[in-house]
file final_19.txt (compact mmCIF, C-alpha atoms)
# COMPACT_ATOMS: atom_id res chain seq x y z
CA MET B 187 108.12 129.55 108.10
CA ILE B 188 105.67 130.20 105.30
CA VAL B 189 106.61 133.18 103.14
CA GLY B 190 103.81 135.72 103.51
CA ASP B 191 102.50 134.39 106.85
CA THR B 192 102.86 137.81 108.47
CA ILE B 193 101.82 136.73 111.98
CA ALA B 194 103.54 133.29 111.74
CA ASN B 195 100.47 131.28 112.77
CA ASP B 196 100.55 128.85 109.81
CA LEU B 197 97.00 129.96 108.89
CA LEU B 198 96.11 132.00 105.81
CA ASP B 199 94.67 135.08 107.47
CA GLU B 200 92.68 137.85 105.77
CA GLY B 201 94.97 140.16 103.80
CA GLU B 202 97.91 137.74 103.65
CA GLN B 203 99.42 136.72 100.32
CA TRP B 204 101.45 133.52 100.60
CA ALA B 205 104.31 132.82 98.21
CA HIS B 206 104.52 129.40 96.58
CA THR B 207 107.36 127.68 94.79
CA TRP B 208 107.09 124.91 92.20
CA VAL B 209 109.20 121.84 92.90
CA ASP B 210 109.86 118.72 90.85
CA GLN B 211 108.53 115.42 92.19
CA ALA B 212 110.67 112.57 90.95
CA SER B 213 109.44 108.99 90.57
CA VAL B 214 110.82 105.58 89.64
CA SER B 215 108.76 102.92 87.81
CA GLU B 216 109.23 99.26 86.98
CA SER B 217 107.04 97.29 84.58
CA THR B 218 106.88 93.60 83.75
CA ASN B 219 104.77 92.08 80.98
CA HIS B 220 103.83 88.38 80.78
CA TYR B 221 102.89 86.77 77.48
CA VAL B 222 101.28 83.53 76.37
CA VAL B 223 101.41 82.04 72.90
CA ILE B 224 98.13 80.78 71.47
CA GLN B 225 98.07 79.49 67.90
CA GLY B 226 101.41 81.13 67.17
CA GLN B 227 100.41 84.57 68.48
CA ALA B 228 102.07 86.21 71.47
CA LEU B 229 99.29 87.66 73.63
CA LEU B 230 99.61 89.80 76.74
CA ALA B 231 98.52 87.62 79.65
CA GLY B 232 99.30 90.16 82.31
CA SER B 233 101.32 93.16 83.29
CA GLU B 234 102.57 94.60 86.55
CA THR B 235 103.75 98.14 87.14
CA LYS B 236 105.06 99.70 90.32
CA SER B 237 105.87 103.38 90.73
CA TRP B 238 107.53 104.95 93.76
CA SER B 239 108.11 108.54 94.70
CA ALA B 240 111.82 109.26 94.56
CA GLU B 241 114.48 111.72 95.52
CA LEU B 242 116.59 113.17 92.73
CA SER B 243 120.21 113.97 93.56
CA ASP B 244 122.16 116.82 92.01
CA ALA B 245 124.03 114.15 90.01
CA GLY B 246 120.73 113.02 88.43
CA VAL B 247 120.41 109.78 90.43
CA PHE B 248 116.88 108.66 91.35
CA THR B 249 116.49 106.95 94.75
CA LYS B 250 113.15 105.34 95.66
CA VAL B 251 111.42 106.48 98.85
CA GLU B 252 110.71 102.93 100.05
CA ALA B 253 109.97 103.29 103.78
CA ALA B 254 106.19 103.41 104.18
CA GLY B 255 106.42 105.79 107.14
CA ASP B 256 108.55 108.39 105.38
CA ILE B 257 107.00 111.72 104.43
CA GLY B 258 106.52 111.85 100.68
CA TYR B 259 106.26 108.06 100.42
CA SER B 260 104.08 106.94 97.56
CA LEU B 261 103.72 103.51 95.95
CA THR B 262 101.34 102.79 93.11
CA SER B 263 100.95 99.12 92.13
CA THR B 264 98.93 98.13 89.07
CA ALA B 265 98.29 94.62 87.78
CA VAL B 266 96.27 93.60 84.72
CA LEU B 267 95.37 90.01 83.83
CA ASN B 268 93.84 89.01 80.50
CA THR B 269 92.12 85.74 79.61
CA TYR B 270 91.77 84.28 76.13
CA ASN B 271 89.85 81.43 74.55
CA ASP B 272 91.56 78.63 72.61
CA GLU B 273 91.38 80.70 69.41
CA GLY B 274 93.30 83.53 71.06
CA LEU B 275 90.35 85.91 71.41
CA LEU B 276 90.26 88.05 74.51
CA THR B 277 87.44 86.85 76.79
CA GLY B 278 88.05 88.91 79.89
CA ALA B 279 90.34 91.27 81.70
CA MET B 280 90.79 92.31 85.28
CA GLY B 281 92.86 95.20 86.57
CA ARG B 282 93.70 96.33 90.06
CA THR B 283 95.46 99.49 91.23
CA GLU B 284 96.48 100.17 94.78
CA ILE B 285 97.99 103.48 95.90
CA HIS B 286 99.68 103.99 99.26
CA SER B 287 100.96 107.41 100.26
CA VAL B 288 101.99 109.51 103.24
CA GLU B 289 101.82 113.30 103.16
CA ARG B 290 102.54 115.82 105.88
CA VAL B 291 99.62 118.23 106.25
CA LYS B 292 98.97 121.24 108.45
CA THR B 293 95.86 121.07 110.61
CA LEU B 294 94.39 122.91 113.56
CA LYS B 295 95.47 121.54 116.93
CA TRP B 296 92.44 120.26 118.81
CA VAL B 297 92.25 119.92 122.61
CA ASP B 298 89.12 118.57 124.33
CA GLY B 299 86.93 119.30 121.29
CA TYR B 300 88.14 122.88 120.73
CA VAL B 301 90.97 124.44 118.75
CA ASP B 302 93.94 125.17 120.97
CA GLY B 303 93.73 128.96 121.38
CA ASP B 304 89.92 129.26 121.09
CA THR B 305 89.78 131.02 124.46
CA ASP B 306 86.02 131.52 124.56
CA LYS B 307 85.31 128.00 123.22
CA ASP B 308 82.85 129.21 120.55
CA LYS B 309 84.67 127.56 117.58
CA VAL B 310 84.88 130.98 115.88
CA LYS B 311 88.30 132.60 115.40
CA ASP B 312 88.12 136.00 117.04
CA ALA B 313 90.65 138.76 116.30
CA ASP B 314 92.26 138.46 119.74
CA GLU B 315 92.70 134.67 119.58
CA ASP B 316 95.86 132.89 118.48
CA TRP B 317 94.74 129.50 117.19
CA LYS B 318 97.41 126.79 117.16
CA SER B 319 98.10 124.36 114.38
CA GLU B 320 100.35 121.35 113.95
CA TRP B 321 101.85 119.18 111.25
CA VAL B 322 100.48 115.63 111.07
CA ASP B 323 101.24 112.67 108.84
CA GLN B 324 98.28 111.71 106.66
CA ALA B 325 98.35 108.12 105.37
CA ASN B 326 96.19 107.28 102.36
CA LEU B 327 95.15 104.04 100.70
CA THR B 328 93.21 103.94 97.45
CA GLU B 329 92.18 100.74 95.70
CA VAL B 330 90.47 100.35 92.33
CA VAL B 331 89.40 97.04 90.77
CA ASN B 332 88.03 96.79 87.23
CA THR B 333 86.66 93.63 85.62
CA TYR B 334 85.68 93.35 81.96
CA GLY B 335 84.07 90.43 80.19
CA ASP B 336 84.38 87.10 81.95
CA PRO B 337 87.81 86.72 83.52
CA GLY B 338 86.71 83.66 85.52
CA PRO B 339 87.22 79.99 84.69
CA SER B 340 84.32 80.02 82.21
CA GLY B 341 86.09 82.77 80.28
CA GLY B 342 88.55 80.32 78.75
CA GLY B 343 92.30 80.54 78.78
CA GLN B 344 92.40 80.39 82.58
CA GLU B 345 95.14 77.75 82.60
CA ARG B 346 97.33 79.97 80.44
CA VAL B 347 97.17 82.76 83.05
CA ARG B 348 97.44 80.49 86.08
CA HIS B 349 100.93 79.28 85.11
CA LEU B 350 102.12 82.82 85.84
CA GLY B 351 101.28 82.20 89.49
CA ARG B 352 98.30 84.52 89.46
CA GLU B 353 94.61 83.99 89.94
CA VAL B 354 91.97 86.11 88.23
call {"tool": "encode", "arguments": {"input": "final_19.txt", "output": "structure tokens"}}
result
Amino acid sequence: MIVGDTIANDLLDEGEQWAHTWVDQASVSESTNHYVVIQGQALLAGSETKSWSAELSDAGVFTKVEAAGDIGYSLTSTAVLNTYNDEGLLTGAMGRTEIHSVERVKTLKWVDGYVDGDTDKDKVKDADEDWKSEWVDQANLTEVVNTYGDPGPSGGGQERVRHLGREV
């Protein structure tokens, strides 16, 4: 039940004031950095970071939400690869971020092209109609790829990155 939903229809009707509460959203992250040494300098060849949504117990313990079908699931994976020439100068970089998430959202319940409860089938909510809604799971995937300079084989330093088991 939504506090302030006076007619309990899960829709914000005219004159209603809904109450909202702030909640903390916990997360857990892991990062790994890979380095190469060129002419005595340690240079960042690549990094990987993963962040998961998490549950926080009363004892302060973070537990990852790892099942992709669970409500509140969120995984953000970011990888960055850098390439260098034989002098140790950065010649290119490539980064990729992928975000997977599942949220539960409230939506109108549709039946045969009309909202369940739209008795006159005009797609306009009349005062005497009780439109139905339902909770659905909304899966999302976002991917971003950025490339700077020349991260390909002609960018130099490719062999130094390849030994990490990654291709640019």
call {"tool": "atom_distance", "arguments": {"input": "final_19.txt", "atom1": "atom CA of Lys292 of chain B", "atom2": "atom CA of Ile188 of chain B"}}
result
11.6 Å
call {"tool": "residues_around", "arguments": {"input": "final_19.txt", "residues": "Asp314 of chain B", "least_positions_apart": "3", "cutoff": "10 Å", "atoms": "only C-alpha atoms", "output": "PyMOL selection string"}}
result
chain B and resi 303-305+311+317
call {"tool": "atom_distance", "arguments": {"input": "final_19.txt", "atom1": "atom CA of Leu267 of chain B", "atom2": "atom CA of Thr218 of chain B"}}
result
12.1 Å
call {"tool": "residues_around", "arguments": {"input": "final_19.txt", "residues": "segment 284-289 of chain B", "least_positions_apart": "6", "cutoff": "9 Å", "atoms": "only C-alpha atoms", "output": "list in words"}}
result
Ala254, Gly255, Asp256, Ile257, Gly258, Tyr259, Ser260, Leu261, Thr262, Ser263, Thr264, Val322, Asp323, Gln324, Ala325, Asn326, Leu327, Thr328, Glu329, Val330 and Val331 of chain B
call {"tool": "closest_residue", "arguments": {"input": "final_19.txt", "among": "B:Glu320, B:Glu241, B:Asp298, B:Glu273", "to": "Asp210 of chain B", "atoms": "only C-alpha atoms"}}
result
B:Glu241
call {"tool": "residues_around", "arguments": {"input": "final_19.txt", "residues": "Thr192 of chain B", "least_positions_apart": "5", "cutoff": "10 Å", "atoms": "all atoms listed in the file", "output": "PyMOL selection string"}}
result
chain B and resi 187+197-199+201-204
call {"tool": "write_last_selection", "arguments": {"input": "final_19.txt", "atoms": "C-alpha atoms", "output": "short mmCIF file (atom, residue, chain, number, x, y, z; two decimals), in the coordinates of the input"}}
result
data_model
loop_
_atom_site.label_atom_id
_atom_site.label_comp_id
_atom_site.auth_asym_id
_atom_site.auth_seq_id
_atom_site.Cartn_x
_atom_site.Cartn_y
_atom_site.Cartn_z
CA MET B 187 108.12 129.55 108.10
CA LEU B 197 97.00 129.96 108.89
CA LEU B 198 96.11 132.00 105.81
CA ASP B 199 94.67 135.08 107.47
CA GLY B 201 94.97 140.16 103.80
CA GLU B 202 97.91 137.74 103.65
CA GLN B 203 99.42 136.72 100.32
CA TRP B 204 101.45 133.52 100.60
#
call {"tool": "atom_distance", "arguments": {"input": "final_19.txt", "atom1": "atom CA of Arg290 of chain B", "atom2": "atom CA of Lys307 of chain B"}}
result
27.3 Å
call {"tool": "closest_residue", "arguments": {"input": "final_19.txt", "among": "B:Ala265, B:Ala205, B:Ala228, B:Ala194", "to": "Asn332 of chain B", "atoms": "all atoms listed in the file"}}
result
B:Ala265
call {"tool": "closest_residue", "arguments": {"input": "final_19.txt", "among": "B:Tyr300, B:Trp321, B:Val189, B:Gly278", "to": "Thr207 of chain B", "atoms": "all atoms listed in the file"}}
result
B:Val189
call {"tool": "closest_residue", "arguments": {"input": "final_19.txt", "among": "B:Leu294, B:Val222, B:Ala313, B:Val214", "to": "Thr235 of chain B", "atoms": "all atoms listed in the file"}}
result
B:Val214
call {"tool": "residues_near_point", "arguments": {"input": "final_19.txt", "point": "(102.6, 95.2, 84.4)", "cutoff": "12 Å", "atoms": "all atoms listed in the file", "output": "list in words"}}
result
Ser215, Glu216, Ser217, Thr218, Asn219, His220, Tyr221, Leu230, Ala231, Gly232, Ser233, Glu234, Thr235, Lys236, Ser237, Thr262, Ser263, Thr264, Ala265, Val266, Leu267, Asn268, Gly281, Arg282 and Thr283 of chain B
call {"tool": "closest_residue", "arguments": {"input": "final_19.txt", "among": "B:Trp238, B:Tyr270, B:Asp196, B:Phe248", "to": "Lys318 of chain B", "atoms": "only C-alpha atoms"}}
result
B:Asp196
call {"tool": "closest_residue", "arguments": {"input": "final_19.txt", "among": "B:Ser319, B:Gln211, B:Thr333, B:Ser243", "to": "Thr269 of chain B", "atoms": "all atoms listed in the file"}}
result
B:Thr333
